[in-house]
>>> print(open('start-v7.cif').read())   # mmCIF, C-alpha atoms
data_target
loop_
_atom_site.label_atom_id
_atom_site.label_comp_id
_atom_site.auth_asym_id
_atom_site.auth_seq_id
_atom_site.Cartn_x
_atom_site.Cartn_y
_atom_site.Cartn_z
CA ALA A 242 -193.87 -16.94 138.40
CA LEU A 243 -194.82 -16.15 134.80
CA LEU A 244 -191.15 -15.90 133.85
CA ALA A 245 -190.38 -19.22 135.52
CA ALA A 246 -193.27 -20.84 133.69
CA ALA A 247 -192.04 -19.42 130.41
CA LEU A 248 -188.50 -20.63 130.96
CA ALA A 249 -189.47 -24.13 132.11
CA PRO A 250 -189.95 -25.55 128.59
CA LEU A 251 -186.55 -24.16 127.57
CA ALA A 252 -184.88 -25.79 130.56
CA LYS A 253 -186.53 -29.11 129.75
CA ALA A 254 -185.48 -28.80 126.12
CA GLY A 255 -181.89 -28.10 127.15
CA ALA A 256 -181.83 -31.08 129.47
CA ALA A 257 -183.29 -33.30 126.77
CA ALA A 258 -180.70 -32.09 124.27
CA ALA A 259 -177.88 -32.82 126.71
CA GLU A 260 -179.31 -36.28 127.35
CA ASP A 261 -179.59 -36.93 123.62
CA ALA A 262 -175.97 -35.84 123.14
CA ALA A 263 -174.67 -38.20 125.82
CA PRO A 264 -173.07 -41.39 124.46
CA LYS A 265 -175.31 -44.44 124.47
CA ARG A 266 -173.38 -47.14 122.60
CA VAL A 267 -169.92 -47.50 124.11
CA LEU A 268 -166.96 -49.64 123.06
CA VAL A 269 -164.67 -50.82 125.87
CA ALA A 270 -161.17 -51.61 124.64
CA GLY A 271 -159.42 -54.10 126.89
CA ALA A 272 -162.80 -55.30 128.09
CA THR A 273 -161.57 -58.55 129.65
CA GLY A 274 -158.76 -56.90 131.60
CA ALA A 275 -158.96 -56.36 135.35
CA THR A 276 -160.17 -52.76 134.96
CA GLY A 277 -161.93 -53.11 131.61
CA ARG A 278 -164.30 -55.81 132.81
CA LEU A 279 -165.43 -53.46 135.63
CA VAL A 280 -166.00 -50.68 133.10
CA VAL A 281 -168.24 -53.10 131.19
CA LYS A 282 -170.08 -53.95 134.42
CA GLU A 283 -170.57 -50.28 135.32
CA LEU A 284 -171.79 -49.35 131.85
CA ALA A 285 -174.24 -52.25 131.81
CA ALA A 286 -175.56 -51.31 135.24
CA GLN A 287 -176.26 -47.79 133.97
CA GLY A 288 -178.12 -48.99 130.90
CA TYR A 289 -175.55 -48.30 128.20
CA ASP A 290 -175.38 -50.37 125.03
CA VAL A 291 -172.02 -52.01 125.69
CA VAL A 292 -169.71 -53.32 122.99
CA ALA A 293 -166.83 -55.28 124.51
CA GLY A 294 -163.58 -55.17 122.56
CA ILE A 295 -161.88 -58.53 123.15
CA ARG A 296 -159.22 -60.84 121.81
CA SER A 297 -160.50 -64.08 123.38
CA GLU A 298 -164.12 -65.19 123.50
CA GLU A 299 -163.20 -67.79 126.10
CA LYS A 300 -161.80 -65.11 128.40
CA ALA A 301 -164.88 -62.98 127.78
CA ARG A 302 -167.03 -65.84 129.01
CA ASP A 303 -164.78 -66.67 131.95
CA THR A 304 -164.67 -63.07 133.20
CA GLY A 305 -168.41 -62.54 132.84
CA VAL A 306 -167.96 -59.89 130.15
CA ALA A 307 -169.84 -61.91 127.54
CA ALA A 308 -172.91 -62.03 129.77
CA LEU A 309 -172.84 -58.30 130.54
CA ALA A 310 -172.06 -56.83 127.12
CA ASN A 311 -174.64 -56.37 124.40
CA GLU A 312 -172.08 -57.29 121.77
CA LEU A 313 -168.58 -58.72 121.52
CA THR A 314 -166.13 -57.59 118.86
CA GLN A 315 -162.60 -58.71 118.11
CA LEU A 316 -160.21 -55.85 118.84
CA ASP A 317 -156.41 -55.89 118.76
CA VAL A 318 -154.96 -52.40 119.21
CA THR A 319 -151.64 -53.48 117.72
CA ASN A 320 -153.34 -53.64 114.32
CA ALA A 321 -153.20 -50.67 111.95
CA PRO A 322 -155.79 -47.90 112.52
CA ASP A 323 -157.61 -48.52 109.23
CA ALA A 324 -157.96 -52.22 110.02
CA ILE A 325 -159.27 -51.44 113.51
CA ALA A 326 -161.74 -48.89 112.15
CA ALA A 327 -162.99 -51.31 109.48
CA GLY A 328 -163.73 -53.94 112.11
CA LEU A 329 -165.64 -51.76 114.53
CA PRO A 330 -169.40 -52.32 114.84
CA LYS A 331 -171.68 -49.56 113.62
CA GLY A 332 -173.20 -46.88 115.77
CA ILE A 333 -170.55 -46.54 118.47
CA ASP A 334 -170.75 -43.15 120.21
CA ALA A 335 -167.75 -43.40 122.53
CA ILE A 336 -164.71 -45.46 123.45
CA VAL A 337 -163.33 -46.23 126.88
CA CYS A 338 -159.76 -47.44 126.49
CA ALA A 339 -158.65 -49.65 129.38
CA THR A 340 -155.89 -51.51 127.57
CA GLY A 341 -152.45 -52.09 129.04
CA PHE A 342 -149.58 -54.47 128.56
CA VAL A 343 -149.22 -57.37 131.00
CA PRO A 344 -145.72 -57.48 132.55
CA GLY A 345 -143.86 -60.70 131.89
CA ASN A 346 -140.40 -61.35 130.49
CA PRO A 347 -138.26 -58.47 131.83
CA PHE A 348 -136.27 -58.40 128.60
CA LYS A 349 -139.43 -57.85 126.54
CA MET A 350 -141.39 -55.47 128.77
CA GLY A 351 -140.12 -52.36 126.99
CA ALA A 352 -141.27 -53.61 123.61
CA ALA A 353 -144.62 -54.74 125.03
CA ALA A 354 -145.29 -51.42 126.77
CA HIS A 355 -144.41 -49.55 123.60
CA ALA A 356 -146.61 -51.76 121.44
CA VAL A 357 -149.71 -51.60 123.65
CA ASP A 358 -149.64 -48.53 125.91
CA ASN A 359 -148.14 -46.22 123.30
CA VAL A 360 -148.58 -47.35 119.70
CA GLY A 361 -151.67 -49.45 120.43
CA THR A 362 -153.49 -46.59 122.12
CA ARG A 363 -152.50 -44.23 119.30
CA ASN A 364 -153.80 -46.77 116.78
CA LEU A 365 -157.16 -46.82 118.56
CA ILE A 366 -157.30 -43.02 118.71
CA ALA A 367 -156.64 -42.83 114.97
CA ALA A 368 -159.23 -45.54 114.32
CA ALA A 369 -161.81 -43.58 116.31
CA SER A 370 -161.19 -40.56 114.10
CA LEU A 371 -161.49 -42.68 110.95
CA ALA A 372 -164.76 -44.19 112.20
CA GLY A 373 -166.25 -40.84 113.21
CA ILE A 374 -166.30 -41.66 116.94
CA ASP A 375 -165.73 -38.38 118.76
CA ARG A 376 -165.80 -39.30 122.48
CA PHE A 377 -162.77 -41.03 123.97
CA VAL A 378 -162.00 -41.82 127.62
CA LEU A 379 -158.49 -43.09 128.32
CA VAL A 380 -157.34 -44.87 131.48
CA SER A 381 -153.74 -43.81 132.09
CA SER A 382 -151.78 -43.37 135.36
CA ILE A 383 -150.66 -40.79 137.87
CA LEU A 384 -147.02 -39.71 137.42
CA THR A 385 -147.29 -40.19 133.67
CA ASN A 386 -145.86 -36.68 133.37
CA GLY A 387 -143.49 -37.26 136.29
CA ARG A 388 -140.35 -36.12 134.49
CA ALA A 389 -141.82 -32.67 133.84
CA ILE A 390 -143.09 -32.10 137.38
CA GLY A 391 -139.97 -32.98 139.34
CA GLN A 392 -141.02 -36.52 140.25
CA GLU A 393 -138.59 -38.43 138.04
CA LYS A 394 -136.70 -39.72 141.08
CA SER A 395 -139.71 -40.32 143.29
CA PRO A 396 -140.32 -43.94 144.35
CA GLY A 397 -143.69 -44.04 142.61
CA PHE A 398 -142.25 -42.96 139.27
CA VAL A 399 -139.11 -45.10 139.46
CA ILE A 400 -140.93 -48.27 140.48
CA THR A 401 -143.78 -47.93 137.99
CA ASN A 402 -141.61 -46.88 135.07
CA ALA A 403 -139.29 -49.82 135.72
CA PHE A 404 -141.98 -51.92 134.02
CA GLY A 405 -140.93 -51.28 130.45
CA GLY A 406 -140.84 -47.49 130.72
CA VAL A 407 -144.61 -47.65 130.76
CA LEU A 408 -145.17 -44.13 132.10
CA ASP A 409 -143.14 -42.64 129.25
CA GLU A 410 -145.11 -44.73 126.77
CA LYS A 411 -148.44 -43.67 128.28
CA LEU A 412 -147.44 -40.01 128.08
CA GLU A 413 -146.94 -40.26 124.33
CA ALA A 414 -150.40 -41.80 123.99
CA GLU A 415 -151.93 -39.08 126.15
CA ASN A 416 -150.35 -36.36 124.02
CA ALA A 417 -151.62 -38.02 120.85
CA LEU A 418 -155.14 -38.01 122.27
CA ARG A 419 -154.90 -34.33 123.23
CA ALA A 420 -153.77 -33.48 119.70
CA SER A 421 -156.35 -35.70 117.97
CA GLY A 422 -159.27 -33.29 117.95
CA LEU A 423 -161.46 -35.86 119.70
CA SER A 424 -163.52 -34.98 122.77
CA TYR A 425 -161.38 -36.69 125.37
CA THR A 426 -161.10 -37.34 129.07
CA ILE A 427 -157.89 -38.79 130.47
CA VAL A 428 -158.35 -40.57 133.80
CA ARG A 429 -155.12 -41.09 135.70
CA PRO A 430 -155.62 -43.48 138.63
CA GLY A 431 -153.21 -43.99 141.49
CA GLY A 432 -151.96 -47.47 142.29
CA LEU A 433 -154.63 -49.91 141.19
CA LYS A 434 -156.03 -52.50 143.59
CA ASP A 435 -158.94 -54.89 143.70
CA GLU A 436 -160.38 -53.92 147.08
CA VAL A 437 -162.00 -50.60 147.96
CA THR A 438 -160.13 -48.83 150.77
CA SER A 439 -162.58 -45.93 150.92
CA PRO A 440 -165.78 -45.20 149.02
CA ASP A 441 -164.78 -41.52 149.07
CA VAL A 442 -163.11 -40.77 145.75
CA ILE A 443 -160.84 -37.77 145.21
CA VAL A 444 -160.82 -36.46 141.65
CA ALA A 445 -157.96 -33.97 141.36
CA GLU A 446 -156.30 -31.85 138.69
CA GLU A 447 -153.61 -33.31 136.47
CA ASP A 448 -150.04 -33.50 137.78
CA SER A 449 -151.16 -32.98 141.38
CA LEU A 450 -151.07 -36.51 142.87
CA TYR A 451 -147.73 -38.27 143.36
CA SER A 452 -148.96 -41.22 145.41
CA GLY A 453 -152.16 -42.89 146.53
CA GLU A 454 -154.26 -45.88 145.58
CA VAL A 455 -157.68 -46.50 144.12
CA SER A 456 -159.80 -49.57 143.48
CA ARG A 457 -160.43 -50.63 139.91
CA ALA A 458 -164.17 -50.44 140.62
CA ASN A 459 -163.91 -46.76 141.49
CA VAL A 460 -161.77 -46.10 138.41
CA ALA A 461 -164.47 -47.73 136.29
CA ALA A 462 -167.12 -45.58 137.96
CA VAL A 463 -165.13 -42.39 137.27
CA CYS A 464 -164.70 -43.35 133.61
CA VAL A 465 -168.42 -43.94 133.14
CA GLU A 466 -169.31 -40.77 135.01
CA ALA A 467 -166.97 -38.85 132.69
CA LEU A 468 -168.95 -40.02 129.64
CA GLY A 469 -172.03 -38.15 130.77
CA ALA A 470 -170.30 -35.09 132.25
CA THR A 471 -169.79 -32.30 129.74
CA SER A 472 -167.41 -30.66 132.21
CA SER A 473 -165.02 -33.59 131.82
CA VAL A 474 -164.51 -33.04 128.09
CA ASN A 475 -160.93 -32.20 127.07
CA SER A 476 -159.62 -32.61 130.60
CA THR A 477 -157.16 -34.77 132.50
CA VAL A 478 -157.99 -35.84 136.05
CA GLU A 479 -156.20 -37.88 138.68
CA VAL A 480 -158.02 -40.28 140.98
CA VAL A 481 -157.27 -41.79 144.40
CA GLU A 482 -159.31 -42.91 147.38
CA PHE A 483 -159.34 -40.80 150.51
CA GLY A 484 -156.72 -41.81 153.05
CA THR A 485 -154.35 -43.56 150.64
CA CYS A 486 -151.93 -40.72 149.89
CA LEU A 487 -148.52 -40.54 151.51
CA ASP A 488 -147.73 -37.38 153.49
CA ASN A 489 -146.89 -34.38 151.31
CA GLN A 490 -147.26 -36.47 148.15
CA CYS A 491 -150.73 -35.36 147.06
CA PRO A 492 -150.90 -31.56 146.83
CA GLY A 493 -154.01 -31.89 144.68
CA ALA A 494 -155.80 -33.74 147.46
CA GLU A 495 -154.97 -31.37 150.31
CA GLY A 496 -158.09 -30.38 152.19
CA LYS A 497 -160.20 -32.85 150.23
CA THR A 498 -161.99 -35.81 151.77
CA GLY A 499 -163.38 -37.11 148.51
CA SER A 500 -166.98 -37.96 147.77
CA GLN A 501 -169.27 -40.90 147.14
CA ASP A 502 -171.56 -38.53 145.26
CA ARG A 503 -170.66 -39.11 141.61
CA ALA A 504 -172.28 -35.84 140.59
CA GLN A 505 -169.51 -34.07 142.52
CA TRP A 506 -166.61 -35.74 140.74
CA PHE A 507 -166.77 -33.49 137.68
CA ALA A 508 -168.72 -30.60 139.22
#
>>> encode(input="start-v7.cif", output="structure tokens")
Amino acid sequence: ALLAAALAPLAKAGAAAAEDAAPKRVLVAGATGATGRLVVKELAAQGYDVVAGIRSEEKARDTGVAALANELTQLDVTNAPDAIAAGLPKGIDAIVCATGFVPGNPFKMGAAAHAVDNVGTRNLIAAASLAGIDRFVLVSSILTNGRAIGQEKSPGFVITNAFGGVLDEKLEAENALRASGLSYTIVRPGGLKDEVTSPDVIVAEEDSLYSGEVSRANVAAVCVEALGATSSVNSTVEVVEFGTCLDNQCPGAEGKTGSQDRAQWFA
């Protein structure tokens, strides 16, 4: 009992230090996008100081982002890293990058994917380093590394990568983040959808899910949970909802039913 009493202040001090180290002021890149706006919503609900990186104030108002965020800032990831860094508000502790090109003209998708999902993300990573922002959470995709894990001819890889070679572009951005020296978490969701199929979320190891779907709301929740989980630092995880995987296409989910308990996602 005496030992427990003596250790109690140390435990409290450690918990307080961990809480102090957790990011508090978070920039969301791609804040008005379908996933980014839900990241903003999740951060706001958890009491973070949210800075929404936007290109259109009108869209920020229309999507509700302007009402949820503490601050709006103009952010175009196709700009040079030094220009991005110079325009960032002060005091940002972390970045959640939820940018992504919007498919359109099939003859221009390759250039768009390269500009946004590859070069644009790398610009933002470099800008974070220049601005002294250490924590970076990146929303990517399952099968990003499909060529290296024997999934190059799988339907999921072929169909997704048909949109401008986007998986190849995302892989280059992921590798740049891993090499950046920043404290990163890469979140690779399965097929994104608006509706929740299951509240039970499976968070699996990288390169272990070849199919499956997940709601954007659950992706946002995983990203925000990663910010406060020290165990998520310098890791890559893949995310689907229970029951959405095709047979024999999710070795990383075998035997797992997922969880609604967010504390379990990065346990």
>>> residues_around(input="start-v7.cif", residues="range 401-409 of chain A", least_positions_apart="5", cutoff="6 Å", atoms="all atoms listed in the file", output="number ranges by chain")
A: 350-351, 354, 385
>>> residues_around(input="start-v7.cif", residues="range 431-448 of chain A", least_positions_apart="2", cutoff="7 Å", atoms="all atoms listed in the file", output="list of chain:residue names")
A:Ser382, A:Ile383, A:Leu384, A:Asn386, A:Arg429, A:Leu450, A:Ser452, A:Gly453, A:Glu454, A:Val455, A:Ser456, A:Arg457, A:Thr477, A:Val478, A:Glu479, A:Val480, A:Val481, A:Glu482, A:Phe483, A:Gly493, A:Ala494, A:Thr498, A:Gly499, A:Ser500, A:Gln501, A:Trp506
>>> closest_residue(input="start-v7.cif", among="A:Thr276, A:Pro322, A:Gly332, A:Thr362", to="Pro430 in chain A", atoms="only C-alpha atoms")
A:Thr276
>>> residues_near_point(input="start-v7.cif", point="(-165.4, -55.0, 134.7)", cutoff="10 Å", atoms="only C-alpha atoms", output="MDAnalysis selection string")
chainID A and resid 269 271:285 304:306 309 457:458 461
>>> resolve_selection(input="start-v7.cif", expression="the PyMOL selection byres ((chain A and resi 330) around 10)", output="list in words")
Leu268, Val292, Glu312, Leu313, Thr314, Gln315, Ala326, Ala327, Gly328, Leu329, Lys331, Gly332, Ile333 and Ala372 of chain A
>>> closest_residue(input="start-v7.cif", among="A:Val318, A:Ile400, A:Ala307, A:Cys338", to="His355 in chain A", atoms="all atoms listed in the file")
A:Val318
>>> resolve_selection(input="start-v7.cif", expression="the PyMOL selection byres ((chain A and resi 475) around 7)", output="number ranges by chain")
A: 424-426, 473-474, 476
